[in-house]
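Engineer: So here's input-v1.csv, just CSV, C-alpha atoms:
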```csv
chain,number,residue,atom,x,y,z
A,1,MET,CA,14.7,-17.0,18.4
A,2,SER,CA,12.6,-14.0,17.5
A,3,ARG,CA,10.1,-14.7,14.7
A,4,LEU,CA,9.7,-11.0,14.0
A,5,PHE,CA,13.4,-10.9,13.1
A,6,SER,CA,13.5,-14.1,11.1
A,7,PRO,CA,13.9,-13.8,7.4
A,8,ILE,CA,11.1,-14.5,4.9
A,9,THR,CA,11.4,-15.3,1.2
A,10,VAL,CA,8.7,-14.2,-1.2
A,11,ARG,CA,9.0,-15.3,-4.8
A,12,GLY,CA,12.8,-15.6,-4.5
A,13,LEU,CA,13.3,-12.3,-2.7
A,14,THR,CA,14.6,-12.8,0.9
A,15,LEU,CA,13.6,-10.1,3.3
A,16,PRO,CA,15.9,-9.9,6.4
A,17,ASN,CA,13.0,-9.5,8.9
A,18,ARG,CA,9.2,-9.0,9.1
A,19,ALA,CA,9.1,-5.5,10.5
A,20,TRP,CA,8.0,-3.5,7.4
A,21,VAL,CA,7.3,0.1,6.6
A,22,SER,CA,3.7,0.7,5.6
A,23,PRO,CA,3.0,3.2,2.7
A,24,MET,CA,2.6,6.7,4.1
A,25,CYS,CA,1.5,9.6,2.0
A,26,GLN,CA,3.9,12.6,2.3
A,27,TYR,CA,2.1,15.1,0.0
A,28,SER,CA,5.5,16.7,-0.9
A,29,ALA,CA,6.3,16.0,-4.5
A,30,THR,CA,6.3,18.4,-7.5
A,31,ASP,CA,4.7,17.2,-10.7
A,32,GLY,CA,4.9,13.6,-9.3
A,33,VAL,CA,8.6,13.8,-8.8
A,34,PRO,CA,10.0,12.7,-5.4
A,35,ASP,CA,12.8,14.8,-4.0
A,36,ASP,CA,15.2,15.0,-1.0
A,37,TRP,CA,12.3,14.8,1.4
A,38,HIS,CA,11.4,11.3,0.1
A,39,LEU,CA,15.0,10.2,0.1
A,40,VAL,CA,15.4,11.1,3.8
A,41,HIS,CA,12.0,9.9,4.8
A,42,LEU,CA,12.4,6.5,3.3
A,43,GLY,CA,16.1,6.3,3.9
A,44,GLN,CA,15.8,6.7,7.6
A,45,PHE,CA,13.7,3.5,7.9
A,46,ALA,CA,16.3,1.6,6.0
A,47,THR,CA,19.1,2.7,8.3
A,48,GLY,CA,16.7,2.0,11.2
A,49,GLY,CA,16.5,-1.7,10.5
A,50,ALA,CA,13.3,-2.3,8.6
A,51,GLY,CA,13.2,-5.4,6.5
A,52,LEU,CA,11.1,-3.7,3.8
A,53,VAL,CA,10.5,-0.1,3.0
A,54,MET,CA,7.3,0.7,1.0
A,55,THR,CA,6.8,4.0,-0.9
A,56,GLU,CA,3.6,6.1,-0.5
A,57,ALA,CA,0.8,5.4,-2.9
A,58,THR,CA,2.4,6.4,-6.3
A,59,ALA,CA,0.1,7.3,-9.1
A,60,ALA,CA,0.1,5.3,-12.3
A,61,VAL,CA,-1.5,8.2,-14.2
A,62,PRO,CA,-1.6,12.0,-13.4
A,63,GLU,CA,-5.3,12.0,-12.4
A,64,GLY,CA,-4.6,9.0,-10.1
A,65,ARG,CA,-2.8,11.2,-7.5
A,66,ILE,CA,-4.5,11.8,-4.2
A,67,SER,CA,-3.3,15.4,-4.0
A,68,PRO,CA,-1.4,17.5,-6.5
A,69,GLN,CA,1.7,16.9,-4.4
A,70,ASP,CA,1.6,13.1,-4.6
A,71,THR,CA,4.3,11.1,-6.2
A,72,GLY,CA,3.9,9.4,-9.6
A,73,ILE,CA,5.5,6.9,-11.9
A,74,TRP,CA,3.9,7.7,-15.2
A,75,ASN,CA,7.0,9.3,-16.9
A,76,ASP,CA,10.7,8.7,-17.1
A,77,THR,CA,11.6,11.9,-15.1
A,78,GLN,CA,9.8,10.5,-12.1
A,79,ALA,CA,11.4,7.0,-12.5
A,80,GLU,CA,14.8,8.6,-12.6
A,81,ALA,CA,14.2,10.5,-9.4
A,82,TRP,CA,13.0,7.3,-7.7
A,83,ARG,CA,16.1,5.4,-8.9
A,84,ARG,CA,18.5,7.1,-6.4
A,85,ILE,CA,16.0,6.6,-3.5
A,86,ALA,CA,15.7,2.9,-4.3
A,87,ALA,CA,19.5,2.5,-4.7
A,88,PHE,CA,20.1,4.2,-1.3
A,89,VAL,CA,17.6,1.9,0.5
A,90,ARG,CA,19.0,-1.2,-1.1
A,91,ARG,CA,22.5,-0.3,-0.1
A,92,GLN,CA,21.5,-0.6,3.5
A,93,GLY,CA,20.5,-4.2,3.0
A,94,THR,CA,16.8,-3.4,3.0
A,95,ALA,CA,14.3,-4.2,0.2
A,96,ILE,CA,12.2,-1.5,-1.3
A,97,GLY,CA,8.8,-1.8,-2.8
A,98,MET,CA,6.5,0.7,-4.6
A,99,GLN,CA,2.8,0.9,-4.0
A,100,LEU,CA,1.0,1.6,-7.3
A,101,GLY,CA,-2.3,3.4,-7.0
A,102,HIS,CA,-5.1,5.5,-8.4
A,103,ALA,CA,-7.1,7.7,-6.1
A,104,GLY,CA,-10.3,7.8,-8.2
A,105,ARG,CA,-13.0,9.9,-6.6
A,106,LYS,CA,-10.7,10.8,-3.7
A,107,GLY,CA,-8.2,12.5,-6.1
A,108,SER,CA,-7.4,16.2,-6.4
A,109,ALA,CA,-7.6,16.5,-2.7
A,110,GLN,CA,-6.1,19.1,-0.4
A,111,ARG,CA,-3.0,18.3,1.6
A,112,PRO,CA,-4.2,17.4,5.2
A,113,TRP,CA,-2.5,20.4,6.8
A,114,GLU,CA,-4.0,22.8,4.2
A,115,GLY,CA,-7.6,21.9,4.6
A,116,SER,CA,-10.0,19.3,3.3
A,117,GLY,CA,-12.1,18.5,0.3
A,118,SER,CA,-11.2,19.0,-3.4
A,119,VAL,CA,-8.6,21.3,-5.0
A,120,PRO,CA,-10.2,23.4,-7.8
A,121,ALA,CA,-8.7,23.4,-11.2
A,122,SER,CA,-7.7,27.0,-10.7
A,123,GLU,CA,-5.4,25.9,-7.9
A,124,GLY,CA,-3.8,22.9,-9.7
A,125,GLY,CA,-6.6,20.4,-9.2
A,126,TRP,CA,-8.5,18.3,-11.7
A,127,GLN,CA,-11.8,16.6,-12.3
A,128,SER,CA,-11.7,13.4,-10.3
A,129,VAL,CA,-12.9,10.2,-11.9
A,130,GLY,CA,-14.6,7.2,-10.3
A,131,ALA,CA,-16.6,4.0,-10.7
A,132,ASP,CA,-19.7,6.3,-10.7
A,133,ALA,CA,-20.5,9.9,-10.0
A,134,GLN,CA,-21.0,9.7,-6.3
A,135,PRO,CA,-18.6,12.0,-4.3
A,136,PHE,CA,-16.7,11.0,-1.3
A,137,GLY,CA,-18.2,13.0,1.5
A,138,ALA,CA,-17.6,16.7,0.9
A,139,TYR,CA,-15.4,16.1,-2.1
A,140,ALA,CA,-16.5,17.2,-5.6
A,141,PRO,CA,-18.5,14.7,-7.6
A,142,ALA,CA,-16.5,12.4,-9.8
A,143,ARG,CA,-16.8,11.9,-13.5
A,144,PRO,CA,-17.7,8.2,-14.1
A,145,LEU,CA,-15.1,6.5,-16.2
A,146,THR,CA,-16.3,5.0,-19.5
A,147,THR,CA,-16.0,1.3,-20.1
A,148,ASP,CA,-13.2,1.9,-22.5
A,149,GLU,CA,-11.4,4.1,-20.0
A,150,VAL,CA,-11.7,1.4,-17.3
A,151,SER,CA,-10.4,-1.2,-19.8
A,152,ALA,CA,-7.3,0.9,-20.4
A,153,LEU,CA,-6.3,1.1,-16.7
A,154,PRO,CA,-4.6,-2.3,-16.5
A,155,GLU,CA,-2.1,-1.3,-19.1
A,156,ALA,CA,-1.4,2.0,-17.3
A,157,PHE,CA,-0.6,0.0,-14.2
A,158,ALA,CA,1.5,-2.4,-16.2
A,159,GLU,CA,3.5,0.5,-17.7
A,160,ALA,CA,4.0,2.0,-14.2
A,161,ALA,CA,5.2,-1.4,-13.0
A,162,ARG,CA,7.7,-1.6,-15.8
A,163,ARG,CA,9.1,1.8,-14.9
A,164,ALA,CA,9.3,1.0,-11.2
A,165,VAL,CA,11.1,-2.3,-11.7
A,166,GLY,CA,13.4,-0.5,-14.2
A,167,ALA,CA,14.2,2.1,-11.5
A,168,GLY,CA,15.4,-0.6,-9.1
A,169,PHE,CA,12.4,-1.6,-7.0
A,170,ASP,CA,12.5,-5.1,-5.5
A,171,LEU,CA,8.7,-5.6,-5.4
A,172,LEU,CA,5.4,-3.9,-6.1
A,173,GLU,CA,2.1,-3.5,-4.3
A,174,LEU,CA,-1.3,-2.8,-5.9
A,175,HIS,CA,-3.4,-0.4,-3.9
A,176,PHE,CA,-6.9,-1.8,-3.9
A,177,ALA,CA,-7.9,-0.4,-0.5
A,178,HIS,CA,-8.9,2.7,1.5
A,179,GLY,CA,-11.6,4.0,-0.8
A,180,TYR,CA,-9.3,4.7,-3.8
A,181,LEU,CA,-10.3,3.8,-7.3
A,182,VAL,CA,-10.1,0.0,-7.3
A,183,HIS,CA,-11.8,-0.2,-3.9
A,184,GLN,CA,-14.5,2.0,-5.3
A,185,PHE,CA,-15.1,-0.6,-8.0
A,186,LEU,CA,-15.1,-3.4,-5.5
A,187,SER,CA,-17.7,-2.0,-3.1
A,188,PRO,CA,-21.4,-1.8,-4.0
A,189,LEU,CA,-21.6,1.4,-2.0
A,190,SER,CA,-19.5,3.2,-4.6
A,191,ASN,CA,-20.1,1.1,-7.7
A,192,THR,CA,-23.5,1.5,-9.3
A,193,ARG,CA,-22.3,0.7,-12.8
A,194,THR,CA,-24.4,-1.4,-15.2
A,195,ASP,CA,-21.6,-2.4,-17.6
A,196,ARG,CA,-19.2,-5.4,-17.2
A,197,TYR,CA,-17.3,-3.6,-14.4
A,198,GLY,CA,-20.4,-3.3,-12.1
A,199,GLY,CA,-23.2,-5.3,-10.7
A,200,ASP,CA,-22.4,-8.6,-9.0
A,201,PHE,CA,-19.1,-9.8,-7.4
A,202,ASP,CA,-17.6,-10.8,-10.7
A,203,GLY,CA,-18.3,-7.5,-12.3
A,204,ARG,CA,-17.1,-5.4,-9.4
A,205,THR,CA,-13.8,-7.4,-9.0
A,206,ARG,CA,-13.1,-7.4,-12.8
A,207,LEU,CA,-10.8,-4.3,-12.7
A,208,ALA,CA,-8.8,-5.6,-9.8
A,209,LEU,CA,-8.2,-8.9,-11.5
A,210,GLU,CA,-7.4,-7.3,-14.8
A,211,ILE,CA,-4.8,-5.0,-13.2
A,212,ALA,CA,-3.2,-8.0,-11.4
A,213,ASP,CA,-3.0,-9.9,-14.6
A,214,ALA,CA,-1.5,-7.0,-16.5
A,215,VAL,CA,1.1,-6.2,-13.9
A,216,ARG,CA,2.1,-9.8,-13.3
A,217,ALA,CA,2.6,-10.2,-17.0
A,218,THR,CA,5.3,-7.5,-16.9
A,219,THR,CA,7.6,-8.8,-14.2
A,220,ASP,CA,8.4,-11.7,-11.9
A,221,VAL,CA,9.2,-9.6,-8.9
A,222,PRO,CA,7.0,-10.2,-5.8
A,223,LEU,CA,3.6,-8.7,-6.1
A,224,PHE,CA,1.5,-7.7,-3.1
A,225,ALA,CA,-2.1,-6.4,-3.0
A,226,ARG,CA,-3.5,-4.1,-0.3
A,227,LEU,CA,-7.1,-4.8,0.5
A,228,SER,CA,-9.6,-3.1,2.8
A,229,ALA,CA,-11.0,-6.2,4.3
A,230,THR,CA,-14.3,-4.5,5.1
A,231,ASP,CA,-16.1,-1.2,4.6
A,232,TRP,CA,-17.3,-1.3,8.2
A,233,THR,CA,-20.7,-0.3,6.8
A,234,ASP,CA,-23.9,-2.3,6.1
A,235,ASP,CA,-24.3,-3.4,2.5
A,236,GLY,CA,-20.7,-2.6,1.7
A,237,TRP,CA,-17.6,-4.7,0.9
A,238,THR,CA,-17.2,-7.6,3.3
A,239,LEU,CA,-14.5,-9.8,4.8
A,240,ASP,CA,-16.1,-12.8,3.1
A,241,GLU,CA,-15.7,-11.0,-0.3
A,242,SER,CA,-12.1,-10.2,0.6
A,243,VAL,CA,-11.3,-13.8,1.2
A,244,ARG,CA,-12.9,-14.7,-2.1
A,245,LEU,CA,-11.0,-12.0,-4.0
A,246,ALA,CA,-7.7,-13.0,-2.3
A,247,LYS,CA,-8.1,-16.5,-3.6
A,248,LEU,CA,-8.6,-15.1,-7.2
A,249,LEU,CA,-5.6,-12.8,-6.8
A,250,ALA,CA,-3.5,-15.8,-5.7
A,251,GLU,CA,-4.4,-17.5,-8.9
A,252,ARG,CA,-3.1,-14.5,-10.8
A,253,GLY,CA,0.3,-14.4,-9.1
A,254,ILE,CA,-0.3,-12.1,-6.1
A,255,ASP,CA,2.2,-13.2,-3.4
A,256,LEU,CA,0.9,-11.5,-0.2
A,257,ILE,CA,-2.2,-9.6,1.0
A,258,ASP,CA,-1.5,-6.4,2.9
A,259,THR,CA,-4.6,-6.4,5.0
A,260,SER,CA,-6.2,-3.1,6.1
A,261,SER,CA,-9.8,-1.9,6.2
A,262,GLY,CA,-12.2,1.0,5.7
A,263,GLY,CA,-11.7,4.2,3.8
A,264,ASN,CA,-14.5,4.0,1.3
A,265,VAL,CA,-17.2,5.7,3.5
A,266,PRO,CA,-16.7,8.8,5.6
A,267,ASN,CA,-16.8,8.3,9.3
A,268,PRO,CA,-17.8,4.6,9.7
A,269,ASP,CA,-18.1,3.2,13.2
A,270,ILE,CA,-14.8,1.4,13.6
A,271,PRO,CA,-13.8,-0.3,16.9
A,272,VAL,CA,-10.2,1.1,16.8
A,273,GLY,CA,-7.8,-0.4,19.2
A,274,PRO,CA,-4.4,-2.2,19.3
A,275,GLY,CA,-4.2,-4.8,16.5
A,276,TYR,CA,-7.9,-4.3,15.6
A,277,GLN,CA,-7.3,-5.3,12.0
A,278,VAL,CA,-5.1,-8.4,12.7
A,279,PRO,CA,-8.0,-10.8,12.7
A,280,PHE,CA,-8.7,-9.9,9.1
A,281,ALA,CA,-5.1,-10.8,8.1
A,282,GLU,CA,-5.4,-14.1,10.1
A,283,ARG,CA,-8.6,-15.1,8.4
A,284,ILE,CA,-7.3,-14.4,4.9
A,285,ARG,CA,-4.1,-16.2,5.6
A,286,THR,CA,-6.0,-19.3,7.1
A,287,GLU,CA,-8.6,-19.6,4.3
A,288,THR,CA,-6.4,-18.8,1.3
A,289,GLY,CA,-3.0,-20.1,2.2
A,290,LEU,CA,-1.5,-16.7,1.1
A,291,PRO,CA,0.9,-14.9,3.3
A,292,THR,CA,-0.5,-11.8,4.8
A,293,GLY,CA,0.7,-8.6,6.4
A,294,ALA,CA,-1.0,-7.1,9.4
A,295,VAL,CA,-1.4,-3.3,9.9
A,296,GLY,CA,-3.1,-0.9,12.3
A,297,MET,CA,-2.0,0.2,15.8
A,298,ILE,CA,0.8,-2.2,16.1
A,299,THR,CA,3.3,-0.3,18.3
A,300,ASN,CA,4.8,-2.7,20.8
A,301,PRO,CA,7.7,-5.1,20.0
A,302,GLN,CA,6.1,-8.0,21.9
A,303,GLN,CA,2.8,-7.3,20.2
A,304,ALA,CA,4.4,-7.6,16.8
A,305,GLU,CA,6.4,-10.7,17.8
A,306,ASP,CA,3.2,-12.4,19.0
A,307,ILE,CA,1.3,-11.7,15.8
A,308,ILE,CA,4.0,-13.5,13.8
A,309,ALA,CA,4.6,-16.3,16.4
A,310,ASP,CA,0.9,-17.0,16.7
A,311,GLY,CA,0.5,-17.4,13.0
A,312,GLU,CA,-1.9,-14.4,12.6
A,313,ALA,CA,0.2,-12.9,9.8
A,314,ASP,CA,3.6,-13.3,8.2
A,315,ALA,CA,4.8,-9.7,8.6
A,316,VAL,CA,3.7,-6.5,10.3
A,317,PHE,CA,3.4,-3.1,8.5
A,318,LEU,CA,4.2,-0.2,10.7
A,319,ALA,CA,3.5,3.5,10.1
A,320,ARG,CA,2.9,5.9,13.0
A,321,ALA,CA,5.2,3.9,15.3
A,322,LEU,CA,8.0,4.5,12.8
A,323,LEU,CA,7.2,8.2,12.4
A,324,ARG,CA,7.7,8.5,16.1
A,325,ASP,CA,10.8,6.3,16.1
A,326,PRO,CA,12.4,5.5,12.7
A,327,HIS,CA,14.8,3.1,14.5
A,328,TRP,CA,11.9,1.1,16.0
A,329,PRO,CA,13.2,-2.2,14.4
A,330,LEU,CA,16.6,-1.8,16.0
A,331,ARG,CA,15.0,-1.1,19.4
A,332,ALA,CA,12.6,-3.9,19.0
A,333,ALA,CA,15.4,-6.3,18.2
A,334,ASN,CA,17.1,-5.4,21.4
A,335,THR,CA,13.9,-5.9,23.4
A,336,LEU,CA,13.3,-9.3,21.8
A,337,GLY,CA,16.9,-10.4,22.1
A,338,ALA,CA,17.5,-10.6,18.3
A,339,ASP,CA,20.8,-10.0,16.7
A,340,VAL,CA,20.4,-7.7,13.7
A,341,ARG,CA,22.7,-5.8,11.5
A,342,TRP,CA,23.4,-2.2,12.4
A,343,PRO,CA,24.8,0.4,10.0
A,344,ASP,CA,28.5,0.7,10.6
A,345,GLN,CA,28.0,4.4,11.2
A,346,TYR,CA,25.7,3.7,14.1
A,347,ALA,CA,27.4,0.6,15.6
A,348,ARG,CA,28.7,2.5,18.6
A,349,ALA,CA,25.1,2.8,19.8
A,350,LYS,CA,24.4,-0.9,19.6
A,351,SER,CA,25.0,-1.4,23.3
A,352,TRP,CA,21.9,-0.2,25.2
A,353,HIS,CA,23.7,-0.1,28.6
```
Write the structure described by the file as structure tokens, please.
Structural biologist:
Amino acid sequence: MSRLFSPITVRGLTLPNRAWVSPMCQYSATDGVPDDWHLVHLGQFATGGAGLVMTEATAAVPEGRISPQDTGIWNDTQAEAWRRIAAFVRRQGTAIGMQLGHAGRKGSAQRPWEGSGSVPASEGGWQSVGADAQPFGAYAPARPLTTDEVSALPEAFAEAARRAVGAGFDLLELHFAHGYLVHQFLSPLSNTRTDRYGGDFDGRTRLALEIADAVRATTDVPLFARLSATDWTDDGWTLDESVRLAKLLAERGIDLIDTSSGGNVPNPDIPVGPGYQVPFAERIRTETGLPTGAVGMITNPQQAEDIIADGEADAVFLARALLRDPHWPLRAANTLGADVRWPDQYARAKSWH
């Protein structure tokens, strides 16, 4: 029996398999409102057999967007637009999750196909905010958040969580990775604060833990956290600290760690290769007892199967492989000899002979 295509239950939610859709920015919303592009983009993965579909990083506040074209969940108009997308995905027998985020100093960015760096206010951009004033690479310098502003962020995430659950999402993920705001607070490379949100490990992790507490208090749906396990840079955030933080997040009701890496420093030296981040997921899983998701250059069905069967992670998150083949899970199930449900409309293609 395929382990990749076995169900998994997280806080009462049973997911039909462990081939999951990783959050992928689309830079295609207007005023934070998702549209037909997002419906088709996410819907294709549901009809393609994924066990869980995650949205792109969705901003809890306007200045939390990565680009002016990112999705949001800070108002009811956005929530209503998300409702039909969530409903479509769920009708296919697939769970849907929303990743809640704040871009911090990496906000107000150009869409990748339109250039790089920051979008000026004259073109719809805004003053980015961060743990401190350091810019990310060639981006504009950030405005450091005041202590009171940082203290208000957990409630903003909690309100976004309430809207997301109200719009029909099955689970939530807190985006604490990839050099975005919470990761900026975690790493000593991007957090030189001297108030209670800076300094030692306890100070730098305070915001992440307060957000986890605030969101968990709003709902009993499964709650994931995405971490960058390491900055891949000397004197930065480390795997040891990720393990330590994961244990604290577990105490606050986080159910799974979506384990990635990097993003906080431009052009780090990363030994990229197939499954290069899987060892991070395995170590966090082993040392904390928390389920983990593995991500990063997972492309082959047998590769994904082995990650689950060998106990390196409890699920795999796929991105580029699904962009190339939105029906990757159906093809993988056939390769691995697993019997999975096909949409009735596609059943005539179930035989591969």
Engineer: Which distance in Å separates atom CA of A:Leu323 and atom CA of A:Glu305, to one decimal?
Structural biologist: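 If I compute the distance from atom CA of A:Leu323 to atom CA of A:Glu305, I get 19.7 Å.
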Engineer: Could you tell me how far atom CA of A:Ala133 sits from atom CA of A:Lys247, in Å to one decimal place?
Structural biologist: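 So the two atoms, atom CA of A:Lys247 and atom CA of A:Ala133, lie 29.9 Å apart.
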Engineer: Near A:Thr58, within 8 Å and counting only C-alpha atoms, which residues show up once chain neighbours fewer than 3 positions away are dropped, as a ChimeraX atom specification?
Structural biologist: /A:55,65,70-73,98-102
Engineer: Ranking A:Thr292, A:Thr286, A:Thr238, A:Gln127 by minimum distance to A:Ala225 and counting all atoms listed in the file, which one comes first?
Structural biologist: A:Thr292
Engineer: Show me a table, sorted first by chain and then by increasing residue number, of the residues of stretch 49-131 of chain A having an atom at most 12 Å from stretch 330-336 of chain A, each with its shortest atom pair and the distance in Å to one decimal, counting all atoms listed in the file and written as CSV.
Structural biologist:
```
residue,atom,partner,partner_atom,distance
A:Gly49,CA,A:Leu330,CA,5.5
A:Ala50,CA,A:Leu330,CA,8.1
A:Gly51,CA,A:Leu330,CA,10.7
```
Engineer: Using all atoms listed in the file, can you tell me which of A:Gly97, A:Pro274, A:Pro301, A:Pro68 comes closest to A:Ala109?
Structural biologist: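 The answer is A:Pro68, which sits nearest to A:Ala109.
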Engineer: State, in Å with one decimal place, the distance from atom CA of A:Phe176 to atom CA of A:Ser116.
Structural biologist: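 The value is 22.5 Å.
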Engineer: Of the residues A:Ala19, A:Arg84, A:Asp240, A:Val265, which is the one nearest to A:Asp36, using all atoms listed in the file?
Structural biologist: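 Using all atoms listed in the file, A:Asp36 sits closest to A:Arg84.
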Engineer: Write out as JSON lines the residues of stretch 5-73 of chain A that have any atom within 12 Å of an atom of stretch 293-296 of chain A, one row each with the nearest atom pair and its distance in Å to one decimal, counting all atoms listed in the file, sorted by chain and then rising number.
Structural biologist:
```
{"residue": "A:Arg18", "atom": "CA", "partner": "A:Gly293", "partner_atom": "CA", "distance": 8.9}
{"residue": "A:Ala19", "atom": "CA", "partner": "A:Gly293", "partner_atom": "CA", "distance": 9.8}
{"residue": "A:Trp20", "atom": "CA", "partner": "A:Gly293", "partner_atom": "CA", "distance": 9.0}
{"residue": "A:Val21", "atom": "CA", "partner": "A:Val295", "partner_atom": "CA", "distance": 9.9}
{"residue": "A:Ser22", "atom": "CA", "partner": "A:Val295", "partner_atom": "CA", "distance": 7.8}
{"residue": "A:Pro23", "atom": "CA", "partner": "A:Val295", "partner_atom": "CA", "distance": 10.7}
{"residue": "A:Leu52", "atom": "CA", "partner": "A:Gly293", "partner_atom": "CA", "distance": 11.8}
```
Engineer: I need the residues from that last selection saved to file as a PDB file, in the frame of the given file (with C-alpha atoms), if you can.
Structural biologist:
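Once written, again15.pdb looks like this:
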```pdb
ATOM      1  CA  ARG A  18       9.200  -9.000   9.100  1.00  0.00           C
ATOM      2  CA  ALA A  19       9.100  -5.500  10.500  1.00  0.00           C
ATOM      3  CA  TRP A  20       8.000  -3.500   7.400  1.00  0.00           C
ATOM      4  CA  VAL A  21       7.300   0.100   6.600  1.00  0.00           C
ATOM      5  CA  SER A  22       3.700   0.700   5.600  1.00  0.00           C
ATOM      6  CA  PRO A  23       3.000   3.200   2.700  1.00  0.00           C
ATOM      7  CA  LEU A  52      11.100  -3.700   3.800  1.00  0.00           C
TER       8      LEU A  52
END
```
Engineer: Please provide the set of residues having any atom within 6 Å of A:Thr205, restricted to only C-alpha atoms, with same-chain residues fewer than 3 positions apart removed, written as a PyMOL selection string.
Structural biologist: chain A and resi 186+202+208
Engineer: Please list, as number ranges by chain, the residues that have an atom at most 10 Å away from (5.5, 3.0, -10.6) in the coordinates of this file, counting all atoms listed in the file.
Structural biologist: A: 55, 57-61, 71-75, 78-79, 82, 97-101, 156-167, 169, 172-173
Engineer: Kindly indicate which residue among A:Leu318, A:Ile284, A:Ala131, A:Ile270 lies nearest to A:Arg193, using all atoms listed in the file for the distances.
Structural biologist: A:Ala131
